[in-house]
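Have a look at structure-v3.pdb below; it lists PDB, C-alpha atoms, pLDDT in the B column.
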MODEL        1
ATOM      1  CA  MET L   1       0.000   0.000   0.000  1.00 79.00           C
ATOM      2  CA  LYS L   2       1.463   3.324  -1.079  1.00 88.00           C
ATOM      3  CA  ILE L   3       0.594   6.272   1.147  1.00 93.00           C
ATOM      4  CA  ASP L   4       1.061   9.895   0.152  1.00 96.00           C
ATOM      5  CA  PHE L   5       1.743  11.438   3.555  1.00 97.00           C
ATOM      6  CA  LYS L   6       0.963  14.925   2.230  1.00 97.00           C
ATOM      7  CA  LYS L   7      -2.678  13.774   2.078  1.00 97.00           C
ATOM      8  CA  VAL L   8      -2.773  12.488   5.676  1.00 98.00           C
ATOM      9  CA  GLU L   9      -4.382  14.710   8.300  1.00 97.00           C
ATOM     10  CA  VAL L  10      -3.999  13.234  11.775  1.00 96.00           C
ATOM     11  CA  ILE L  11      -7.015  13.884  13.983  1.00 96.00           C
ATOM     12  CA  GLU L  12      -6.357  11.748  17.062  1.00 97.00           C
ATOM     13  CA  ILE L  13      -3.373  10.026  18.660  1.00 98.00           C
ATOM     14  CA  ASP L  14      -3.906   7.614  21.522  1.00 98.00           C
ATOM     15  CA  ASN L  15      -1.790   6.017  24.219  1.00 97.00           C
ATOM     16  CA  ILE L  16       0.545   8.959  24.773  1.00 96.00           C
ATOM     17  CA  LYS L  17       2.350   8.327  28.033  1.00 95.00           C
ATOM     18  CA  HIS L  18       4.373  11.351  29.077  1.00 92.00           C
ATOM     19  CA  TRP L  19       6.561   9.303  31.384  1.00 94.00           C
ATOM     20  CA  ASP L  20       7.808   7.616  28.194  1.00 93.00           C
ATOM     21  CA  TYR L  21       9.264  10.894  26.876  1.00 93.00           C
ATOM     22  CA  PRO L  22      11.015  11.211  24.469  1.00 92.00           C
ATOM     23  CA  ASP L  23      10.247   7.801  22.947  1.00 95.00           C
ATOM     24  CA  TYR L  24       6.437   7.624  23.143  1.00 96.00           C
ATOM     25  CA  CYS L  25       6.811   4.112  21.779  1.00 94.00           C
ATOM     26  CA  ASP L  26       3.222   3.082  22.625  1.00 95.00           C
ATOM     27  CA  ALA L  27       1.537   6.073  20.982  1.00 97.00           C
ATOM     28  CA  TYR L  28      -0.361   5.445  17.767  1.00 98.00           C
ATOM     29  CA  ILE L  29      -2.539   7.275  15.277  1.00 98.00           C
ATOM     30  CA  SER L  30      -6.115   6.259  16.039  1.00 98.00           C
ATOM     31  CA  GLU L  31      -7.965   8.566  13.674  1.00 98.00           C
ATOM     32  CA  ALA L  32      -6.919  10.358  10.508  1.00 98.00           C
ATOM     33  CA  ASP L  33      -8.239  11.549   7.184  1.00 98.00           C
ATOM     34  CA  TYR L  34      -6.700  10.734   3.832  1.00 97.00           C
ATOM     35  CA  ASN L  35      -7.419  13.219   1.099  1.00 96.00           C
ATOM     36  CA  GLY L  36     -10.385  14.497   3.145  1.00 97.00           C
ATOM     37  CA  LYS L  37     -11.934  11.085   3.892  1.00 98.00           C
ATOM     38  CA  PRO L  38     -11.629   8.970   7.058  1.00 98.00           C
ATOM     39  CA  MET L  39      -8.852   6.410   6.870  1.00 97.00           C
ATOM     40  CA  SER L  40      -9.733   2.737   7.220  1.00 96.00           C
ATOM     41  CA  ASP L  41      -8.362   0.647  10.057  1.00 97.00           C
ATOM     42  CA  LYS L  42      -6.202  -1.135   7.490  1.00 96.00           C
ATOM     43  CA  MET L  43      -4.588   2.149   6.409  1.00 96.00           C
ATOM     44  CA  LEU L  44      -4.083   3.245  10.011  1.00 98.00           C
ATOM     45  CA  ASP L  45      -2.482  -0.106  10.823  1.00 97.00           C
ATOM     46  CA  GLU L  46      -0.197   0.267   7.807  1.00 97.00           C
ATOM     47  CA  ILE L  47       1.027   3.652   9.018  1.00 97.00           C
ATOM     48  CA  ASN L  48       1.353   2.675  12.671  1.00 97.00           C
ATOM     49  CA  ASP L  49       3.128  -0.606  11.923  1.00 97.00           C
ATOM     50  CA  ASN L  50       5.432   0.438   9.087  1.00 96.00           C
ATOM     51  CA  TYR L  51       6.136   4.166   9.380  1.00 96.00           C
ATOM     52  CA  PRO L  52       7.317   4.833  12.957  1.00 96.00           C
ATOM     53  CA  ASP L  53       9.149   8.032  11.976  1.00 97.00           C
ATOM     54  CA  PHE L  54       5.935   9.542  10.602  1.00 97.00           C
ATOM     55  CA  VAL L  55       3.995   8.471  13.702  1.00 97.00           C
ATOM     56  CA  TYR L  56       6.648   9.979  15.980  1.00 97.00           C
ATOM     57  CA  GLU L  57       6.584  13.290  14.070  1.00 97.00           C
ATOM     58  CA  GLN L  58       2.806  13.379  14.413  1.00 97.00           C
ATOM     59  CA  VAL L  59       3.006  12.645  18.149  1.00 97.00           C
ATOM     60  CA  MET L  60       5.425  15.546  18.602  1.00 96.00           C
ATOM     61  CA  GLU L  61       3.125  17.895  16.682  1.00 95.00           C
ATOM     62  CA  TYR L  62       0.065  16.632  18.561  1.00 94.00           C
ATOM     63  CA  ILE L  63       1.459  17.308  22.042  1.00 93.00           C
ATOM     64  CA  HIS L  64       2.842  20.753  21.227  1.00 88.00           C
TER
ENDMDL
END
Could the structure of this file be written out as structure tokens, please?
Amino acid sequence: MKIDFKKVEVIEIDNIKHWDYPDYCDAYISEADYNGKPMSDKMLDEINDNYPDFVYEQVMEYIH
């Protein structure tokens, strides 16, 4: 599955544990839109499982 990350708008990130700073290894994107439409669970799983750098960047943006 090819994902154009410019089209991803993260709405919600769950499981942020501040005691785990700076890793936030358990945080994950739980809700996002892709090109204006809600992402499926399959797409969210793809991002969370295979693109940890993107997830981490989104966590940092989400908490600031």
Task: Residue nearest Val59 in chain L - candidates L:Asp14, L:Asp33, L:Asp45, L:Glu9, atoms counted: only C-alpha atoms - done: L:Asp14
- [ ] Around the point (-3.0, 5.0, 0.0), in the coordinates given by the file, pick out the residues reaching within 10 Å, counting only C-alpha atoms, and return them as a VMD selection string.
- [x] chain L and resid 1 to 5 7 to 8 34 to 35 39 43 46 to 47
Open item on the list: Could you list, as a VMD selection string, every residue within 12 Å of Met60 in chain L, counting all atoms listed in the file and ignoring same-chain residues fewer than 5 positions away?
Closed with: chain L and resid 10 13 16 18 21 to 25 27 to 29 53 to 55
- [ ] Rounded to one decimal place, report the CA of Gln58 in chain L-CA of Glu12 in chain L distance in Å.
- [x]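 Between CA of Gln58 in chain L and CA of Glu12 in chain L the gap works out to 9.7 Å.
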TODO: Work out how far CA of Glu61 in chain L is from CA of Lys37 in chain L, in Å to one decimal.
DONE: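 Spanning CA of Lys37 in chain L to CA of Glu61 in chain L is a straight-line distance of 20.9 Å.
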- [ ] Provide the CA of Glu57 in chain L to CA of Ala32 in chain L distance in Å, to one decimal place.
- [x] 14.3 Å
